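Notes for the one structure printed next.
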Amino acid sequence: MAAVQHPLLRGPASPRGRRRRSRPSPPPGAAAATGRATTGRRAALLALTCTIPFALTVLVWQHARLMARLEGGGEYAAALYDDEADVEGGGWGDGVFRFVRPGLFAKTDDEWADDDEAEDDDDEGEEDEEQASKESGETAEPQEFPDFDRAGSIIPFDLSVNHLKRKASALGKPPIPPLPPHASTTSVSEDFLPVVMANEINLRWRHRPKAGAPVQDAARVSAYRILAWRSGNTNAMLWDSDEVEVEEDLPFSVSWPAASLPSPGEIIEWHVTVWDDAGHPHSSDSSRFAVGPSEEDWKGQWIVHPDDMKTFKKSDEKIDECKLWHRRRSLPLFRAELSPQTLLKIEDAELASALLVVSGLGSFRASFDGVPLSSSGPIDPPFTDYSKRVSYRGFDVSKFLVGRAPRSHTIGITVGSGWWDHRPISGMAKPELLPRGPATVVAQLYLTTSSGKVHIAVPTQSGEDSESTWQVTRGHIMESDLFTGEMVDLGVMSAMEGWDAAKGGKEDWVAPASYRTDVTAEEWRQKMALKASAMDRSDATAFPERKYTASPIGKLIPSEIPPILPMQRLAPDEVRDLGDGRWLFDFGKAMSGVLHFGEGLPAPIIPKRGYPRAHGFKAASERGDSFITVIYGESLEMTTGDINRVLVAGLGLHDGGPRHMSSEKGATDGKPCFPDDQDGILSQRDAFVFPKQDGSGSKSSAKSAFANVRQSHFTTHGFRFAEVCCTATPPTGVHALLYRTAFDEWGTFDSSNVILNGGYELVKNAMASNMLSVQSDCPHREKLPYGGDLVADSPAAIHMYDMSAFYKKTVRDWLDAQWDNGAYTETSIWQDLNDYAGIGHGAGETVWASAPPVIAVRHFQAYGDLEFLGESQAGHVRWLEFLNRFFYRGMKEKGGYDIDDKLRKYNGDGSGLGDWLALRGRDTFLTHTAFYMASARCVAYIAKKLGDESMKKKSLMEAERIKQQIAGLYLRNGQDNFDFPRGHAGHTPGPEMSLFSRIVPGSKRCIVLKNWFKRSGSLWPGDEEKLFLRKLDEGYKKEMVKTGELVKEQDGYWMGWSQWQGFNEGIFAIRYALKTLSDMGFHYIALRKAAGFGFGTPEYMLSHNATTMWESWWRSEDLYSRNHPMLGALAEWMPSSAAGLSLHPTAVGGRHALFWPRFPKSAAMLEHASAVQGTPIGDYAIAWRFENLPEDKNQYDSALVTIRVRMLIPPTGVGTLRIPIPASNRTTISVSRSTLFPDLESARREADAKCNKRRQRRLGFPYSWEYDRGKERWHKQIRGKSIGTPCESFLFSVLPLSAQWSGRADATHQVRGKDRVFPPGLYDILFENWPLEKEVEGTGRLGNIPAYFKPGYDAGPYCEDSTTFDWHIDDATHII
């Protein structure tokens, strides 16, 4: 390659790094690692003052090391780009871009000494860490290590164990209510303490640069050191890793040495020190975790209320399930006394820590001396197949016991039904197929002394154990259900005040019974397998009739994921008086959660005109009880203004409501165990009841009881609106608590376009509503983890959140559900849903059932957990073997697909779900078969990473065979439109999926792409859309024709779905279409789809007041959910394509990012965009904007402008930059690098503050369609909203004074069509003289784009080389 002219571009240098000597371990009790000498740093910097080439040598050496780590990624990056480039060495010229401005390092040795002293005194890093800790929920506690090192350039933070991070306090945690008089005043240590088993301790952390650090110092971690000690005792050092040199890459995790495993019950504090590339250390704040018991370490037994266990005992009396379920109400409370005698028995040393481990089915909340131990939400333990595994939590109760005089203490456990003992009712979900039994708990307390000895106290035991202090009684929760809500007896709650403190509560406590069942795990599994047709009845084992029929309980494991916590607390936007004592609260966005009454509830009233619909309580009224009800919903009924209960009906059970069509009146009459007072609609309703009492003090008692109400605990609802009824005045201090699994949010997107931003928020809000220990479809109707939804949306979820622990659990859920024949199920806990659409033998629909291997690959790409990849491999191999045995036979038998006949009779109407809820026909053969191919690709990918060469070759050959088969069938018609032989280019997801997944042969790539643009849209005959138009004035219709939102035909006005100005794709093709368009040079068309107007767009949802993504592109008032992330794949395209930041296709563990900003030809639709992508090593970020735009927006498609790109690569990271090819030879490109890392955390805070102010001013989406019930007409209301508010990236908040920029290097001739690899740093890239152009338009909303398929059109510059268009085994992105 020809040498470049800029003097700062150099060739490769020495690949060796600095060598350092290991330091001896400190003596026991010594402080953390002390600061390293700064002599080496001064010497290096002094050398830089003498000679610039020395600095270049150092940085080029860094680059050579980076390139050595890419495992062939440089070559593959070029292949992905379809323009062969000399990227060997990956740098600019023959090396890395290196920027040194003359005089920058020209300091004297004395000045450097001053700098060293200033760094020693600098507290900026500590402030940065404190801020990050607040954002992540982690708070640093004062430690006895006085001299943590802070000199280094790399700050380690976000410490985790097994992907779990301690949470000091949930972000939306409500104020603690007044505690009973007997309760302790001690506060709890945290909301979530990770618990792991001793042989499974894997430690991780992330990095960020210290403000003011030289970028070359922060390029890599050269060594690390872990110190771990017994909590509260720095003299009790448990492990010192000593200084471990890093020759190449940091390990993805560091395992605790097997020779010195800690004991169950120990609470461990730890921190890590990392050395930067200049040899300077920086220590993290400390974090904590606990070591939990393995299955054999448990002394506690599952215990129940004795009367509850009797309801699962076979008897001659025939009693239906509903009556038995009611006999188990009210739900039990459990408590145990920890006596002073137990504490006095510990004589070997002082008590150092105390760990309480607890689990409960269905859900539980634990307390100690009356103090709740966590604000965790409605499903704890997480939803799993409880016959296979059940999670437990650990709580640090040391503050209650350590350093205090021995006295009596009380452990309390409250339980709810959860997914375990739910109301026996069935609908769109089938809870009766889940394991079930009576509410049950298990617990034990670990007491660890300063000598390290561990004692177990108060294990749960039945009354048959004479030493057991456990008791049980009926409690105040009359009923709890995840679909119908919670009912609380306030009279019992008042009488029971202080029940979990040292004294207090009623006296009718009894000894618990042991949980008992005669049903074995094998028997339960066989029963389900027979129902699923996953085994032949001839192979079934005959089991004797069982006396106790409750489900078996699986093994106890530490919680694999963070708990469900209140992650946001929202005040209402509006409170409306609906009359008759009914109050409507609007919280401005939909969520999953409950109301919290910070000041309690007012006294109830009886409405003079009777209770409004669904607020009645017949049984309570007959008894003369007082009550208040709360109803939840995500939208309002357009004809009444009430909450639309039909749209959120639990299990989809409703009778049509006031005007709906999907069910008829009386549809739920006679439904077994349908709740009373729900008016034919299974409603999200909580009720608080105070029983009638005699005596003069009854009114004051009732008033006091209602004033003490705070919230329901063991249910959750999908809602934006809530009705409270009936009170004379509205409750005050009301907030909505948004509950979700408490993983970190670490991905963002923003732009100048309110529709793009609004669409991103719709998806993010829907995601947050559906992450309650499983990734569900909707937060009200089914709440189930569907495989298809995960396949479609997991890239967006991985962008937005740290899903490392969550998706690990998800795959394990599927491994538990996998049938013995190898078949995977449609949902991660089998529910017999849509199995008809699969290939039989217990398999779910092929796309849905392929979720486990697809998620496993994406997990490895993002998080690099090789151990987990190995754990899951066998299951995925069994799935592929199942497909090899049954796929073609099942396709023919169940779907009518005759592959031997070359699909000659196939019309796109076979069995299967396909590209679900697309507006055009769904080609189910293609999706079935493509995901068979994807499963084979996944197994090949996993085998390669694990070094299983034989399995890699075998599965790779299978994947290639299926690919060739698809290509042969779909090019058979000779039309090059990639459709089935009898197809007419009318089905989805043919060309878009096959182009994205590299199924189309390279030689046909461009012609298939061109022919895709022949597709067009169609009119839409939806009922709600037609009704909308009938109720819309003529003036609005004419205006909407002008904007392209309506089509005028002879028979009137129509809405229509567009191929190129909106979406018609289903849940999978959304991603394929957007990514294919942007990746192959048609980014404007992708932008126009995502930011389009009218039916089939996010704008359509936003204009109808959506705050979460809908289940369908059409508006539904009675069936399809309005809080459903299923169509949310567009939210991954926004950061990856519109902003230009994603994980590199060949990345492992998030260590390699692809920066590929696509600039629209015209600035009319988009002026700036930005994104942040969190990864296990740190945060990558990008921001770009048009500068020097003309004041006249009419020139936005003709002016010459400047484009500025900012690019941030974190320490230890790698970034590949791929630049769009300029349209003009006059365009110049230059790059500058910040020589010092600026104060990025301050820049983030400043940008966030500005953005929040803009959101408060409601500068987002500007209008909505509102229905006037009096006039029975729709009208457009101009009213700004916060959703969609444009904000600018923090990268543009970095002022010139905050960073020292190098001189600009000309890169004009080195980026055209080539990938370049960059080391860590902050970069500023300028494109000057960039010509804006008018974008290509099509033939209208329903039309196609003739300019792109006319004869002679070459399909753009990305089609110049079609020979490299193949899937590569290291490519996790394009597997499917």
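Labels used: A, B, ... for chains in the order of the structure tokens, numbers from 1 for residues in each chain, and numbers from 1 for ligands as shown.
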Every residue of segment 308-557 of chain A that DSSP places in strand (DSSP E or B), as JSON, numbers by chain: {"A": [313, 332, 333, 334, 335, 336, 337, 338, 351, 352, 353, 354, 355, 356, 357, 358, 359, 360, 361, 363, 364, 365, 366, 367, 368, 371, 372, 389, 390, 391, 392, 393, 394, 395, 396, 409, 410, 411, 412, 413, 414, 415, 416, 440, 441, 442, 443, 444, 445, 446, 447, 448, 449, 454, 455, 456, 457, 471, 472, 473, 474, 477, 478, 479, 480, 481, 485, 486, 487, 488, 489, 510, 513, 514, 548, 555, 556, 557]}
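The list of residues with at least one atom within 8 Å of segment 910-926 of chain A, based on only C-alpha atoms and without residues fewer than 3 positions apart in the same chain, reads Tyr836, Ala837, Gly838, Glu845, Val847, Lys894, Gly895, Gly896, Tyr897, Tyr906, Asn907, Thr929, Ala930, Ile966, Gly986, His987, Thr988, Pro989, Gly990, Trp1057, Asn1064, Glu1065, Gly1066, Ile1067, Phe1068, Ala1069 and Ser1112 of chain A.
Atom CA of Asp1051 of chain A lies 15.2 Å from atom CA of Glu1025 of chain A.
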Give me the segment 361-398 of chain A side of the contact with segment 811-825 of chain A, cut-off 10 Å, one line per residue showing its nearest atom pair and distance in Å at one decimal, counting only C-alpha atoms, sorted by chain and residue number, as JSON lines.
```
{"residue": "A:Phe383", "atom": "CA", "partner": "A:Asp813", "partner_atom": "CA", "distance": 9.1}
{"residue": "A:Thr384", "atom": "CA", "partner": "A:Asp813", "partner_atom": "CA", "distance": 6.3}
{"residue": "A:Asp385", "atom": "CA", "partner": "A:Asp813", "partner_atom": "CA", "distance": 7.2}
{"residue": "A:Ser387", "atom": "CA", "partner": "A:Asp816", "partner_atom": "CA", "distance": 9.5}
{"residue": "A:Lys388", "atom": "CA", "partner": "A:Asp816", "partner_atom": "CA", "distance": 6.7}
{"residue": "A:Arg389", "atom": "CA", "partner": "A:Asp816", "partner_atom": "CA", "distance": 8.6}
```
Could you write out the selected residues, including N, CA, C and O atoms, as a CSV table (one decimal), in the first residue's frame?
```csv
chain,number,residue,atom,x,y,z
A,383,PHE,N,-40.1,-17.1,37.5
A,383,PHE,CA,-40.9,-18.1,36.9
A,383,PHE,C,-40.0,-19.1,36.2
A,383,PHE,O,-39.2,-18.8,35.3
A,384,THR,N,-40.0,-20.3,36.6
A,384,THR,CA,-39.4,-21.5,36.0
A,384,THR,C,-40.3,-22.6,36.0
A,384,THR,O,-41.4,-22.6,36.5
A,385,ASP,N,-39.9,-23.8,35.4
A,385,ASP,CA,-40.6,-25.0,35.6
A,385,ASP,C,-40.3,-25.5,37.1
A,385,ASP,O,-39.2,-26.0,37.3
A,387,SER,N,-41.1,-27.8,38.8
A,387,SER,CA,-40.8,-29.2,39.0
A,387,SER,C,-39.4,-29.6,38.7
A,387,SER,O,-38.9,-30.7,39.0
A,388,LYS,N,-38.7,-28.6,38.0
A,388,LYS,CA,-37.3,-28.8,37.7
A,388,LYS,C,-36.3,-28.1,38.6
A,388,LYS,O,-35.3,-28.6,39.0
A,389,ARG,N,-36.6,-26.8,38.7
A,389,ARG,CA,-35.7,-26.0,39.6
A,389,ARG,C,-36.4,-24.8,40.1
A,389,ARG,O,-37.3,-24.2,39.5
```
Report the closest atom pair, with its distance in Å rounded to one decimal, for each residue of segment 458-495 of chain A that has an atom no farther than 12 Å from segment 356-375 of chain A; count only C-alpha atoms, sort by chain and then rising residue number, and write it as a Markdown table.
```
| residue | atom | partner | partner_atom | distance |
| --- | --- | --- | --- | --- |
| A:Val458 | CA | A:Leu356 | CA | 9.8 |
| A:Pro459 | CA | A:Val357 | CA | 9.6 |
| A:Thr460 | CA | A:Val358 | CA | 9.6 |
| A:Ser480 | CA | A:Gly362 | CA | 9.9 |
| A:Asp481 | CA | A:Gly362 | CA | 9.9 |
| A:Leu482 | CA | A:Gly362 | CA | 10.4 |
```
Preceding selection exported with all heavy atoms as a CSV table (one decimal), in the first residue's frame:
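Output (selection_37.csv):
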```
chain,number,residue,atom,x,y,z
A,458,VAL,N,-32.5,-22.1,62.8
A,458,VAL,CA,-34.0,-22.0,62.4
A,458,VAL,C,-34.3,-22.5,61.0
A,458,VAL,O,-34.9,-21.8,60.2
A,458,VAL,CB,-34.6,-20.6,62.7
A,458,VAL,CG1,-34.7,-20.3,64.1
A,458,VAL,CG2,-33.8,-19.5,61.9
A,459,PRO,N,-33.8,-23.7,60.6
A,459,PRO,CA,-34.3,-24.2,59.3
A,459,PRO,C,-35.7,-24.5,59.4
A,459,PRO,O,-36.3,-24.8,60.4
A,459,PRO,CB,-33.4,-25.5,59.1
A,459,PRO,CG,-33.1,-25.9,60.5
A,459,PRO,CD,-33.0,-24.6,61.3
A,460,THR,N,-36.4,-24.3,58.2
A,460,THR,CA,-37.9,-24.6,58.2
A,460,THR,C,-38.1,-26.1,58.4
A,460,THR,O,-37.5,-27.0,57.8
A,460,THR,CB,-38.5,-24.2,56.8
A,460,THR,OG1,-37.6,-24.7,55.8
A,460,THR,CG2,-38.7,-22.7,56.7
A,480,SER,N,-54.6,-13.8,45.8
A,480,SER,CA,-53.7,-13.2,45.0
A,480,SER,C,-53.6,-14.0,43.7
A,480,SER,O,-53.5,-15.2,43.7
A,480,SER,CB,-52.3,-13.0,45.6
A,480,SER,OG,-51.5,-14.2,45.5
A,481,ASP,N,-53.6,-13.3,42.6
A,481,ASP,CA,-53.5,-13.9,41.3
A,481,ASP,C,-52.8,-13.0,40.3
A,481,ASP,O,-53.1,-11.8,40.3
A,481,ASP,CB,-54.9,-14.3,40.8
A,481,ASP,CG,-54.9,-15.2,39.6
A,481,ASP,OD1,-54.9,-16.4,39.7
A,481,ASP,OD2,-54.9,-14.6,38.4
A,482,LEU,N,-52.0,-13.6,39.4
A,482,LEU,CA,-51.3,-12.7,38.5
A,482,LEU,C,-52.2,-12.2,37.4
A,482,LEU,O,-51.8,-11.2,36.7
A,482,LEU,CB,-50.1,-13.5,37.8
A,482,LEU,CG,-49.0,-13.9,38.8
A,482,LEU,CD1,-48.0,-14.8,38.1
A,482,LEU,CD2,-48.3,-12.7,39.3
```
Any idea what's packed within 7 Å of segment 706-710 of chain A, counting only C-alpha atoms, ignoring anything in its chain fewer than 3 positions away? Could you give it as a PyMOL selection string? chain A and resi 596-603+702-703
Go ahead and save the residues from that selection, with all heavy atoms, as a PDB file, in the first residue's frame.
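Wrote part.pdb, looks like this:
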```
ATOM      1  N   HIS A 596     -49.170   2.580  44.166  1.00  0.00           N
ATOM      2  CA  HIS A 596     -48.681   2.716  45.535  1.00  0.00           C
ATOM      3  C   HIS A 596     -49.332   3.954  46.142  1.00  0.00           C
ATOM      4  O   HIS A 596     -49.264   5.042  45.575  1.00  0.00           O
ATOM      5  CB  HIS A 596     -47.156   2.866  45.561  1.00  0.00           C
ATOM      6  CG  HIS A 596     -46.594   2.933  46.949  1.00  0.00           C
ATOM      7  ND1 HIS A 596     -46.441   4.114  47.642  1.00  0.00           N
ATOM      8  CD2 HIS A 596     -46.169   1.951  47.786  1.00  0.00           C
ATOM      9  CE1 HIS A 596     -45.936   3.869  48.828  1.00  0.00           C
ATOM     10  NE2 HIS A 596     -45.756   2.563  48.941  1.00  0.00           N
ATOM     11  N   PHE A 597     -49.979   3.755  47.277  1.00  0.00           N
ATOM     12  CA  PHE A 597     -50.686   4.849  47.943  1.00  0.00           C
ATOM     13  C   PHE A 597     -49.818   5.353  49.083  1.00  0.00           C
ATOM     14  O   PHE A 597     -49.836   4.814  50.194  1.00  0.00           O
ATOM     15  CB  PHE A 597     -52.045   4.362  48.448  1.00  0.00           C
ATOM     16  CG  PHE A 597     -52.905   3.766  47.367  1.00  0.00           C
ATOM     17  CD1 PHE A 597     -53.010   2.380  47.211  1.00  0.00           C
ATOM     18  CD2 PHE A 597     -53.572   4.580  46.475  1.00  0.00           C
ATOM     19  CE1 PHE A 597     -53.791   1.834  46.214  1.00  0.00           C
ATOM     20  CE2 PHE A 597     -54.363   4.045  45.462  1.00  0.00           C
ATOM     21  CZ  PHE A 597     -54.463   2.663  45.330  1.00  0.00           C
ATOM     22  N   GLY A 598     -49.049   6.384  48.791  1.00  0.00           N
ATOM     23  CA  GLY A 598     -48.075   6.867  49.759  1.00  0.00           C
ATOM     24  C   GLY A 598     -48.685   7.402  51.028  1.00  0.00           C
ATOM     25  O   GLY A 598     -48.047   7.396  52.088  1.00  0.00           O
ATOM     26  N   GLU A 599     -49.922   7.880  50.955  1.00  0.00           N
ATOM     27  CA  GLU A 599     -50.609   8.410  52.137  1.00  0.00           C
ATOM     28  C   GLU A 599     -51.844   7.598  52.472  1.00  0.00           C
ATOM     29  O   GLU A 599     -52.763   8.091  53.147  1.00  0.00           O
ATOM     30  CB  GLU A 599     -50.957   9.883  51.894  1.00  0.00           C
ATOM     31  CG  GLU A 599     -49.716  10.748  51.675  1.00  0.00           C
ATOM     32  CD  GLU A 599     -50.061  12.165  51.249  1.00  0.00           C
ATOM     33  OE1 GLU A 599     -51.197  12.603  51.495  1.00  0.00           O
ATOM     34  OE2 GLU A 599     -49.190  12.826  50.667  1.00  0.00           O
ATOM     35  N   GLY A 600     -51.874   6.359  51.981  1.00  0.00           N
ATOM     36  CA  GLY A 600     -52.996   5.486  52.270  1.00  0.00           C
ATOM     37  C   GLY A 600     -54.215   5.827  51.434  1.00  0.00           C
ATOM     38  O   GLY A 600     -54.172   6.648  50.507  1.00  0.00           O
ATOM     39  N   LEU A 601     -55.324   5.159  51.737  1.00  0.00           N
ATOM     40  CA  LEU A 601     -56.587   5.378  51.033  1.00  0.00           C
ATOM     41  C   LEU A 601     -57.562   6.133  51.919  1.00  0.00           C
ATOM     42  O   LEU A 601     -57.600   5.919  53.141  1.00  0.00           O
ATOM     43  CB  LEU A 601     -57.203   4.039  50.633  1.00  0.00           C
ATOM     44  CG  LEU A 601     -56.529   3.281  49.488  1.00  0.00           C
ATOM     45  CD1 LEU A 601     -57.063   1.850  49.409  1.00  0.00           C
ATOM     46  CD2 LEU A 601     -56.742   4.001  48.174  1.00  0.00           C
ATOM     47  N   PRO A 602     -58.376   7.014  51.331  1.00  0.00           N
ATOM     48  CA  PRO A 602     -59.453   7.639  52.116  1.00  0.00           C
ATOM     49  C   PRO A 602     -60.492   6.590  52.504  1.00  0.00           C
ATOM     50  O   PRO A 602     -60.504   5.477  51.967  1.00  0.00           O
ATOM     51  CB  PRO A 602     -60.048   8.678  51.150  1.00  0.00           C
ATOM     52  CG  PRO A 602     -59.114   8.751  49.989  1.00  0.00           C
ATOM     53  CD  PRO A 602     -58.366   7.456  49.941  1.00  0.00           C
ATOM     54  N   ALA A 603     -61.364   6.952  53.394  1.00  0.00           N
ATOM     55  CA  ALA A 603     -62.445   6.043  53.761  1.00  0.00           C
ATOM     56  C   ALA A 603     -63.372   5.852  52.566  1.00  0.00           C
ATOM     57  O   ALA A 603     -63.625   6.783  51.804  1.00  0.00           O
ATOM     58  CB  ALA A 603     -63.218   6.603  54.949  1.00  0.00           C
ATOM     59  N   ALA A 702     -62.028   1.383  60.670  1.00  0.00           N
ATOM     60  CA  ALA A 702     -62.013   1.250  59.220  1.00  0.00           C
ATOM     61  C   ALA A 702     -61.188   2.361  58.582  1.00  0.00           C
ATOM     62  O   ALA A 702     -60.383   2.120  57.681  1.00  0.00           O
ATOM     63  CB  ALA A 702     -63.445   1.276  58.682  1.00  0.00           C
ATOM     64  N   LYS A 703     -61.401   3.585  59.072  1.00  0.00           N
ATOM     65  CA  LYS A 703     -60.654   4.717  58.507  1.00  0.00           C
ATOM     66  C   LYS A 703     -59.155   4.509  58.696  1.00  0.00           C
ATOM     67  O   LYS A 703     -58.357   4.743  57.775  1.00  0.00           O
ATOM     68  CB  LYS A 703     -61.095   6.012  59.182  1.00  0.00           C
ATOM     69  CG  LYS A 703     -60.440   7.257  58.618  1.00  0.00           C
ATOM     70  CD  LYS A 703     -60.983   8.512  59.283  1.00  0.00           C
ATOM     71  CE  LYS A 703     -60.327   9.760  58.702  1.00  0.00           C
ATOM     72  NZ  LYS A 703     -60.839  10.994  59.355  1.00  0.00           N
TER      73      LYS A 703
END
```
With only C-alpha atoms as the counted atoms, please give the residues lying no more than 9 Å from segment 1124-1132 of chain A, apart from itself and same-chain residues fewer than 6 positions off, as a PyMOL selection string. chain A and resi 749+756+759-767+769-770+776-779+788-790+792-800+917+1066-1071+1074+1090+1108-1113+1142
Contact residues around segment 547-554 of chain A with only C-alpha atoms at 12 Å, ignoring same-chain residues under 4 positions, as an MDAnalysis selection string: chainID A and resid 295 301:302 304 308:316 359:362 384:392 420:421 432:442 515:525 527:528 816
Name all residues at most 10 Å from Glu269 of chain A (count only C-alpha atoms; drop same-chain ones fewer than 4 positions away) and give them as a PDB file with N, CA and C atoms, in the first residue's frame.
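Output file around08.pdb is given in full below:
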```
ATOM      1  N   GLN A 143     -15.110   1.590  53.332  1.00  0.00           N
ATOM      2  CA  GLN A 143     -14.317   0.409  53.649  1.00  0.00           C
ATOM      3  C   GLN A 143     -13.114   0.816  54.507  1.00  0.00           C
ATOM      4  N   LEU A 227      -8.963  -8.835  45.316  1.00  0.00           N
ATOM      5  CA  LEU A 227      -8.917  -9.083  46.753  1.00  0.00           C
ATOM      6  C   LEU A 227     -10.330  -9.364  47.239  1.00  0.00           C
ATOM      7  N   ALA A 228     -10.507 -10.431  48.016  1.00  0.00           N
ATOM      8  CA  ALA A 228     -11.810 -10.789  48.569  1.00  0.00           C
ATOM      9  C   ALA A 228     -11.652 -11.102  50.045  1.00  0.00           C
ATOM     10  N   TRP A 229     -12.565 -10.601  50.852  1.00  0.00           N
ATOM     11  CA  TRP A 229     -12.468 -10.788  52.293  1.00  0.00           C
ATOM     12  C   TRP A 229     -13.853 -11.010  52.878  1.00  0.00           C
ATOM     13  N   ARG A 230     -13.877 -11.536  54.067  1.00  0.00           N
ATOM     14  CA  ARG A 230     -15.134 -11.805  54.748  1.00  0.00           C
ATOM     15  C   ARG A 230     -15.795 -10.475  55.096  1.00  0.00           C
ATOM     16  N   SER A 231     -17.073 -10.372  54.806  1.00  0.00           N
ATOM     17  CA  SER A 231     -17.783  -9.103  54.955  1.00  0.00           C
ATOM     18  C   SER A 231     -17.617  -8.535  56.354  1.00  0.00           C
ATOM     19  N   GLY A 232     -17.272  -7.254  56.398  1.00  0.00           N
ATOM     20  CA  GLY A 232     -17.145  -6.553  57.663  1.00  0.00           C
ATOM     21  C   GLY A 232     -15.843  -6.792  58.391  1.00  0.00           C
ATOM     22  N   ASN A 233     -14.943  -7.558  57.790  1.00  0.00           N
ATOM     23  CA  ASN A 233     -13.702  -7.895  58.483  1.00  0.00           C
ATOM     24  C   ASN A 233     -12.563  -7.922  57.467  1.00  0.00           C
ATOM     25  N   THR A 234     -11.883  -6.806  57.304  1.00  0.00           N
ATOM     26  CA  THR A 234     -10.822  -6.721  56.304  1.00  0.00           C
ATOM     27  C   THR A 234      -9.611  -7.579  56.689  1.00  0.00           C
ATOM     28  N   MET A 237      -8.980 -12.052  55.112  1.00  0.00           N
ATOM     29  CA  MET A 237      -8.769 -12.135  53.673  1.00  0.00           C
ATOM     30  C   MET A 237      -9.018 -13.568  53.221  1.00  0.00           C
ATOM     31  N   LEU A 238      -9.914 -13.737  52.237  1.00  0.00           N
ATOM     32  CA  LEU A 238     -10.255 -15.059  51.724  1.00  0.00           C
ATOM     33  C   LEU A 238      -9.494 -15.404  50.451  1.00  0.00           C
ATOM     34  N   SER A 286     -15.720  -1.482  46.328  1.00  0.00           N
ATOM     35  CA  SER A 286     -15.990  -2.882  46.636  1.00  0.00           C
ATOM     36  C   SER A 286     -17.451  -3.218  46.372  1.00  0.00           C
ATOM     37  N   SER A 287     -17.690  -4.494  46.148  1.00  0.00           N
ATOM     38  CA  SER A 287     -19.042  -5.022  46.021  1.00  0.00           C
ATOM     39  C   SER A 287     -19.155  -6.244  46.908  1.00  0.00           C
ATOM     40  N   ARG A 288     -20.338  -6.834  46.915  1.00  0.00           N
ATOM     41  CA  ARG A 288     -20.575  -7.963  47.823  1.00  0.00           C
ATOM     42  C   ARG A 288     -21.384  -9.042  47.135  1.00  0.00           C
ATOM     43  N   PHE A 289     -21.189 -10.256  47.591  1.00  0.00           N
ATOM     44  CA  PHE A 289     -22.057 -11.373  47.227  1.00  0.00           C
ATOM     45  C   PHE A 289     -22.019 -12.372  48.358  1.00  0.00           C
ATOM     46  N   ALA A 290     -22.903 -13.336  48.312  1.00  0.00           N
ATOM     47  CA  ALA A 290     -22.955 -14.361  49.344  1.00  0.00           C
ATOM     48  C   ALA A 290     -22.814 -15.729  48.700  1.00  0.00           C
TER      49      ALA A 290
END
```
Residue list (helix (DSSP H, G or I), DSSP) for segment 318-392 of chain A, as a ChimeraX atom specification: /A:321-327,340-344
Report the distance between atom CA of His1374 of chain A and atom CA of Asn884 of chain A in Å, rounded to one decimal place. 22.2 Å
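Take the candidates A:Gly656, A:Gly1149, A:Gly581, A:Gly475 and check each one against Asp489 of chain A using only C-alpha atoms; the shortest distance goes to A:Gly475.
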Write out as a ChimeraX atom specification which residues come within 9 Å of Asp508 of chain A when counting only C-alpha atoms, dropping same-chain ones fewer than 5 positions away. /A:472-474
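When only C-alpha atoms are used to compute distances to Gln693 of chain A, the closest of the residues A:Thr1228, A:Thr729, A:Ser1116, A:Ser626 turns out to be A:Ser626.
Closest approach to Gly890 of chain A from the set A:Gly1035, A:Pro852, A:Pro1160, A:Gly840 is made by A:Gly840, with distances taken over only C-alpha atoms.
Each of A:Leu556, A:Leu866, A:Met803, A:Ala354 was checked against His163 of chain A using only C-alpha atoms; the smallest atom-to-atom distance is that of A:Met803.
Using only C-alpha atoms, the shortest contact distance between Tyr932 of chain A and any of A:Arg208, A:Lys963, A:His841, A:Lys945 is found at A:Lys963.
Nearest residue to Met487 of chain A, choosing from A:Gly1213, A:Val689, A:Ile755, A:Gly416 and counting only C-alpha atoms: A:Val689.
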